[in-house]
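Here the structure comes first, spelled out in structure tokens, and everything after it is commentary.
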2 protein chains.
Amino acid sequence: MADERTILVTNDDGITAPGIRSLIEAVSHLGRIVVVAPDSPQSGKGHAITIGVPLRLDRVDIFGDIEAWQCSGTPVDCVKLARDKILHRKPDICVSGINHGANHSINIIYSGTMSAAMEAAIEGIPSIGFSYLDYSFAADFTLPKQVAAEVTQKVLESDLPPGTLFNVNIPLLGSRDDFRGIKICRQANAKWVEEFDERRDPRGKKYFWLTGEFKNMDHGEDTDVWALENDYASLVPVQFDLTHYKLKERLEAEWKL
Amino acid sequence: MADERTILVTNDDGITAPGIRSLIEAVSHLGRIVVVAPDSPQSGKGHAITIGVPLRLDRVDIFGDIEAWQCSGTPVDCVKLARDKILHRKPDICVSGINHGANHSINIIYSGTMSAAMEAAIEGIPSIGFSYLDYSFAADFTLPKQVAAEVTQKVLESDLPPGTLFNVNIPLLGSRDDFRGIKICRQANAKWVEEFDERRDPRGKKYFWLTGEFKNMDHGEDTDVWALENDYASLVPVQFDLTHYKLKERLEAEWKL
């Protein structure tokens, strides 16, 4: 029954970000919500875990009746602590986001939003990361909420393999009427062309800010980048077996070690 | 010519760790070495990048004639800065490590060593991460150095696709004679069963240390974990297209969105 399900909600923008509140609102009719999220912004933290310092975990009361905890660690730490110290069992699903900004294509590698979802998937929990292509904290989350509700419900109702993980991005539309639906995609072959902003501090010593320009090298019409540029939400099924099987076969045939 | 090649060396244990010195010694006959590594230990940082604070980069003189830089950021930041601000072009190869401790199976996801190598591979640079199953800073690196030299030379001499990335782990042997060679493997299906060590600070407030037990759920004899347990070094070819193509096909057939 829907009201017996437990839904773990997390993110990487921090527990006070508007995106996580929108995600809670989007899925709260589907089960009991437990929120465990970072106490500060953790964008770009990838799959980092906290080893060298201990973690703090504090109950917070910012979502009405909903149980919520803030954690001093990374998004991945949040999922680990939620499983072991708060829920004491696996939730039925983990949803992460809604991220303020895109996590399509290669960005999945750097994204704390997706790493939190991947950590849950490694545990065998069906998991979804949601990201909205509007970076603004004042963004209108009407469409992202609708997509998050639809995909979460679909995953809960489907008989998917353990460890199923989806990367869902929601487009920034000119007009709400432009939305063309949710498209199942592959990860586009893209990367960041880095440029560092080089400055000098008041003592004359150099320092660098990471900036960069996104470069899509992929002209396919089955990619997440294409879908988003064409007013679809993109859904990429994600795996965490990183073995390159084709190259493995070639090496086995060609290399004498 | 070998002496015209540029080899970027990095790691996640920090520039003063014995493992990176061993790696430099292992590959310095294969080309010009440039070292760009974190100024402090960065284990478990995964694919984290530094967004919220600026980065520092300082020339250091700790490896004799070899050009070396320490960076205040993550292993991935080191690779980005090396490419853009030090080399101003792609190196011929990037080697990362030798890590003090294993990075086989699912550990690739959490590993700063492998994330540094992956960042270079995303740039199209052939890259290898090396990890030794001895955590001790006093470890004997004779065997890891021999494996690192052999694999690096083999990659330089082979005509591999752009973005080729290898995860190489070196076993901890009872005796040097036990070594059975390098085996091409797939990533074992394994995970960490987390347990947090719960303590109270002097003010009575709870805190948690991440600990955990490694659990291999994979009984295959073609995995990296099997190879290492059987006195082989493991070599896993790694990809960073995380699309789960099989699940994608199934969803396209079954889901109406």
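How things are named: the first chain in the structure tokens is A, the next is B, and so on; residues count from 1 in each chain; ligands count from 1 in the order shown.
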
Exercise for review: Residues of chain B no more than 8 Å from chain A, counting only C-alpha atoms: send them over as a ChimeraX atom specification.
Suggested key: /B:43-51,53-57,80-81,84-85,106,109-110,122-123,181-187,189,191,194-196,206-210,236-245,247-248,251-252,257

Practice item. From range 93-195 of chain B, collect each residue whose DSSP state is helix (DSSP H, G or I) and return the set as a PyMOL selection string. Key: chain B and resi 107-110+112-122+142-157+176-178

With 12 Å as the cut-off and only C-alpha atoms counted, what is the closest atom pair between each nearby residue of range 53-84 of chain B and range 21-27 of chain B? Distances in Å to one decimal, ordered by chain and number, as a Markdown table.
| residue | atom | partner | partner_atom | distance |
| --- | --- | --- | --- | --- |
| B:Ile62 | CA | B:Arg21 | CA | 9.5 |
| B:Phe63 | CA | B:Arg21 | CA | 7.7 |
| B:Gly64 | CA | B:Arg21 | CA | 10.9 |
| B:Asp65 | CA | B:Ile24 | CA | 11.7 |
| B:Ile66 | CA | B:Ile24 | CA | 9.0 |
| B:Glu67 | CA | B:Ile24 | CA | 11.1 |
| B:Ala68 | CA | B:Ile24 | CA | 10.7 |

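Straight-line separation from CA of Ile93 in chain B to CA of Val36 in chain B: 13.3 Å.
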
Taking 4 positions as the minimum chain separation for residues in the same chain, which residues sit within 10 Å of Val34 in chain A when counting only C-alpha atoms? Answer as a PDB file with N, CA and C atoms, in the first residue's frame.
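File part.pdb, as written:
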ATOM      1  N   THR A   6       8.346   3.592   2.194  1.00  0.00           N
ATOM      2  CA  THR A   6       9.242   4.627   2.698  1.00  0.00           C
ATOM      3  C   THR A   6      10.057   5.190   1.532  1.00  0.00           C
ATOM      4  N   ILE A   7      10.050   6.502   1.435  1.00  0.00           N
ATOM      5  CA  ILE A   7      10.762   7.198   0.361  1.00  0.00           C
ATOM      6  C   ILE A   7      11.852   8.053   0.989  1.00  0.00           C
ATOM      7  N   LEU A   8      13.107   7.716   0.675  1.00  0.00           N
ATOM      8  CA  LEU A   8      14.226   8.527   1.152  1.00  0.00           C
ATOM      9  C   LEU A   8      14.457   9.671   0.173  1.00  0.00           C
ATOM     10  N   VAL A   9      14.495  10.892   0.703  1.00  0.00           N
ATOM     11  CA  VAL A   9      14.716  12.074  -0.139  1.00  0.00           C
ATOM     12  C   VAL A   9      16.038  12.727   0.265  1.00  0.00           C
ATOM     13  N   THR A  10      16.875  12.991  -0.722  1.00  0.00           N
ATOM     14  CA  THR A  10      18.134  13.672  -0.446  1.00  0.00           C
ATOM     15  C   THR A  10      18.456  14.624  -1.598  1.00  0.00           C
ATOM     16  N   ILE A  24       9.958  16.907  -2.292  1.00  0.00           N
ATOM     17  CA  ILE A  24       9.115  16.371  -1.211  1.00  0.00           C
ATOM     18  C   ILE A  24       7.642  16.558  -1.562  1.00  0.00           C
ATOM     19  N   SER A  28       5.211  13.199  -1.957  1.00  0.00           N
ATOM     20  CA  SER A  28       4.740  12.865  -0.606  1.00  0.00           C
ATOM     21  C   SER A  28       3.438  12.064  -0.608  1.00  0.00           C
ATOM     22  N   ILE A  66       6.998  16.217   8.296  1.00  0.00           N
ATOM     23  CA  ILE A  66       7.906  15.252   7.663  1.00  0.00           C
ATOM     24  C   ILE A  66       9.218  15.127   8.431  1.00  0.00           C
ATOM     25  N   GLU A  67       9.616  13.860   8.667  1.00  0.00           N
ATOM     26  CA  GLU A  67      10.866  13.591   9.378  1.00  0.00           C
ATOM     27  C   GLU A  67      12.052  14.020   8.518  1.00  0.00           C
ATOM     28  N   ALA A  68      12.907  14.872   9.077  1.00  0.00           N
ATOM     29  CA  ALA A  68      14.030  15.386   8.285  1.00  0.00           C
ATOM     30  C   ALA A  68      15.282  15.502   9.148  1.00  0.00           C
ATOM     31  N   TRP A  69      16.417  15.192   8.529  1.00  0.00           N
ATOM     32  CA  TRP A  69      17.715  15.220   9.193  1.00  0.00           C
ATOM     33  C   TRP A  69      18.712  15.948   8.310  1.00  0.00           C
ATOM     34  N   ALA A  82      21.467   7.442   6.410  1.00  0.00           N
ATOM     35  CA  ALA A  82      20.016   7.223   6.397  1.00  0.00           C
ATOM     36  C   ALA A  82      19.695   5.738   6.522  1.00  0.00           C
ATOM     37  N   ILE A  86      19.219   5.819  10.584  1.00  0.00           N
ATOM     38  CA  ILE A  86      17.893   6.428  10.711  1.00  0.00           C
ATOM     39  C   ILE A  86      16.809   5.411  10.366  1.00  0.00           C
ATOM     40  N   LEU A  87      16.879   4.841   9.170  1.00  0.00           N
ATOM     41  CA  LEU A  87      15.838   3.889   8.752  1.00  0.00           C
ATOM     42  C   LEU A  87      16.085   2.486   9.311  1.00  0.00           C
ATOM     43  N   PRO A  91      15.021   1.845   2.327  1.00  0.00           N
ATOM     44  CA  PRO A  91      13.759   2.457   1.910  1.00  0.00           C
ATOM     45  C   PRO A  91      13.280   1.770   0.624  1.00  0.00           C
ATOM     46  N   CYS A  94      14.736   5.725  -3.382  1.00  0.00           N
ATOM     47  CA  CYS A  94      15.475   6.937  -3.021  1.00  0.00           C
ATOM     48  C   CYS A  94      15.361   7.931  -4.167  1.00  0.00           C
TER      49      CYS A  94
END

Check your understanding: CA of Pro126 in chain B and CA of Val155 in chain B, how far apart in Å?
Key ->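 Straight-line distance from CA of Val155 in chain B to CA of Pro126 in chain B works out to 7.6 Å.
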
Practice item. Could you please write out, as a ChimeraX atom specification, every residue of range 86-221 of chain B that DSSP assigns to strand (DSSP E)? Key: /B:93-100,127-132,165-170,182-184,190-193,196-200,206-210,213-216

Suppose we keep N, CA and C atoms; can you now write the selection as a tab-separated table (two decimals), in the first residue's frame?
chain	number	residue	atom	x	y	z
B	93	ILE	N	50.17	10.47	-21.71
B	93	ILE	CA	49.52	9.49	-20.84
B	93	ILE	C	49.40	10.10	-19.45
B	94	CYS	N	48.43	9.64	-18.69
B	94	CYS	CA	48.30	10.04	-17.28
B	94	CYS	C	48.32	8.79	-16.43
B	95	VAL	N	49.20	8.78	-15.42
B	95	VAL	CA	49.21	7.66	-14.47
B	95	VAL	C	48.93	8.21	-13.07
B	96	SER	N	48.13	7.47	-12.33
B	96	SER	CA	47.68	7.93	-11.02
B	96	SER	C	47.96	6.86	-9.97
B	97	GLY	N	48.50	7.29	-8.84
B	97	GLY	CA	48.81	6.34	-7.76
B	97	GLY	C	50.27	6.49	-7.34
B	98	ILE	N	50.91	5.44	-6.98
B	98	ILE	CA	50.34	4.14	-6.68
B	98	ILE	C	49.58	4.27	-5.36
B	99	ASN	N	48.29	3.97	-5.38
B	99	ASN	CA	47.48	4.17	-4.20
B	99	ASN	C	47.87	3.21	-3.07
B	100	HIS	N	47.86	3.75	-1.87
B	100	HIS	CA	48.08	2.91	-0.68
B	100	HIS	C	46.75	2.28	-0.29
B	127	SER	N	44.87	6.64	-19.81
B	127	SER	CA	45.11	6.84	-18.37
B	127	SER	C	45.02	5.53	-17.60
B	128	ILE	N	45.83	5.45	-16.56
B	128	ILE	CA	45.87	4.24	-15.74
B	128	ILE	C	45.94	4.64	-14.27
B	129	GLY	N	45.09	4.01	-13.46
B	129	GLY	CA	45.21	4.14	-12.01
B	129	GLY	C	45.83	2.87	-11.45
B	130	PHE	N	46.81	3.04	-10.56
B	130	PHE	CA	47.48	1.90	-9.92
B	130	PHE	C	47.22	1.93	-8.41
B	131	SER	N	46.86	0.78	-7.88
B	131	SER	CA	46.61	0.68	-6.44
B	131	SER	C	47.22	-0.62	-5.91
B	132	TYR	N	47.79	-0.51	-4.72
B	132	TYR	CA	48.48	-1.64	-4.11
B	132	TYR	C	47.72	-2.06	-2.86
B	165	LEU	N	41.03	3.76	-20.42
B	165	LEU	CA	41.24	3.93	-18.98
B	165	LEU	C	41.32	2.55	-18.33
B	166	PHE	N	42.39	2.33	-17.55
B	166	PHE	CA	42.58	1.04	-16.88
B	166	PHE	C	42.62	1.23	-15.37
B	167	ASN	N	41.99	0.31	-14.67
B	167	ASN	CA	42.10	0.24	-13.21
B	167	ASN	C	42.95	-0.97	-12.87
B	168	VAL	N	44.18	-0.70	-12.40
B	168	VAL	CA	45.13	-1.78	-12.12
B	168	VAL	C	45.34	-1.89	-10.61
B	169	ASN	N	45.12	-3.07	-10.06
B	169	ASN	CA	45.39	-3.33	-8.65
B	169	ASN	C	46.46	-4.41	-8.53
B	170	ILE	N	47.32	-4.23	-7.53
B	170	ILE	CA	48.45	-5.14	-7.35
B	170	ILE	C	48.26	-5.88	-6.03
B	182	ILE	N	49.70	-10.49	-14.69
B	182	ILE	CA	48.64	-9.49	-14.80
B	182	ILE	C	47.46	-10.12	-15.53
B	183	LYS	N	46.26	-9.96	-14.97
B	183	LYS	CA	45.07	-10.60	-15.55
B	183	LYS	C	44.04	-9.54	-15.94
B	184	ILE	N	43.52	-9.62	-17.15
B	184	ILE	CA	42.47	-8.70	-17.60
B	184	ILE	C	41.14	-9.17	-17.03
B	190	ALA	N	30.44	-6.05	-5.94
B	190	ALA	CA	30.73	-6.04	-4.51
B	190	ALA	C	30.27	-4.72	-3.93
B	191	LYS	N	30.21	-4.62	-2.63
B	191	LYS	CA	29.84	-3.34	-2.01
B	191	LYS	C	30.37	-3.29	-0.58
B	192	TRP	N	30.18	-2.15	0.03
B	192	TRP	CA	30.53	-1.99	1.44
B	192	TRP	C	29.27	-2.10	2.28
B	193	VAL	N	29.36	-2.91	3.31
B	193	VAL	CA	28.28	-2.95	4.29
B	193	VAL	C	28.69	-1.97	5.38
B	196	PHE	N	28.47	2.50	11.13
B	196	PHE	CA	29.06	3.73	11.64
B	196	PHE	C	29.42	3.53	13.11
B	197	ASP	N	30.58	4.02	13.45
B	197	ASP	CA	31.03	3.98	14.84
B	197	ASP	C	30.45	5.24	15.50
B	198	GLU	N	29.51	5.02	16.43
B	198	GLU	CA	28.77	6.12	17.06
B	198	GLU	C	29.43	6.50	18.38
B	199	ARG	N	29.77	7.77	18.53
B	199	ARG	CA	30.46	8.22	19.75
B	199	ARG	C	29.81	9.50	20.27
B	200	ARG	N	30.25	9.93	21.44
B	200	ARG	CA	29.78	11.21	21.98
B	200	ARG	C	30.96	12.13	22.24
B	206	LYS	N	26.26	13.48	19.89
B	206	LYS	CA	26.63	12.34	19.05
B	206	LYS	C	27.45	12.74	17.82
B	207	TYR	N	28.38	11.87	17.43
B	207	TYR	CA	29.00	11.97	16.11
B	207	TYR	C	29.30	10.57	15.60
B	208	PHE	N	29.60	10.47	14.30
B	208	PHE	CA	29.75	9.17	13.64
B	208	PHE	C	31.03	9.11	12.82
B	209	TRP	N	31.74	8.00	12.95
B	209	TRP	CA	32.85	7.70	12.04
B	209	TRP	C	32.37	6.65	11.05
B	210	LEU	N	32.63	6.89	9.77
B	210	LEU	CA	32.33	5.89	8.76
B	210	LEU	C	33.33	4.73	8.87
B	213	GLU	N	32.43	-2.89	6.19
B	213	GLU	CA	33.01	-4.20	5.88
B	213	GLU	C	32.79	-4.46	4.39
B	214	PHE	N	33.82	-4.91	3.71
B	214	PHE	CA	33.73	-5.17	2.28
B	214	PHE	C	33.04	-6.50	2.03
B	215	LYS	N	32.09	-6.49	1.10
B	215	LYS	CA	31.33	-7.71	0.82
B	215	LYS	C	31.34	-7.99	-0.68
B	216	ASN	N	31.96	-9.11	-1.06
B	216	ASN	CA	31.99	-9.51	-2.47
B	216	ASN	C	30.83	-10.47	-2.74

**Study point:** CA of Pro202 in chain A to CA of Pro38 in chain B, straight-line distance in Å
**Key:**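 About the pair CA of Pro38 in chain B and CA of Pro202 in chain A: they are 23.8 Å apart.
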
**Study point:** Shortest interatomic distance to Glu157 in chain A - which of A:Arg59, A:Asp231, A:Cys71, A:Asp92, counting only C-alpha atoms
**Key:**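 Of the candidates, the smallest distance to Glu157 in chain A is held by A:Asp92.
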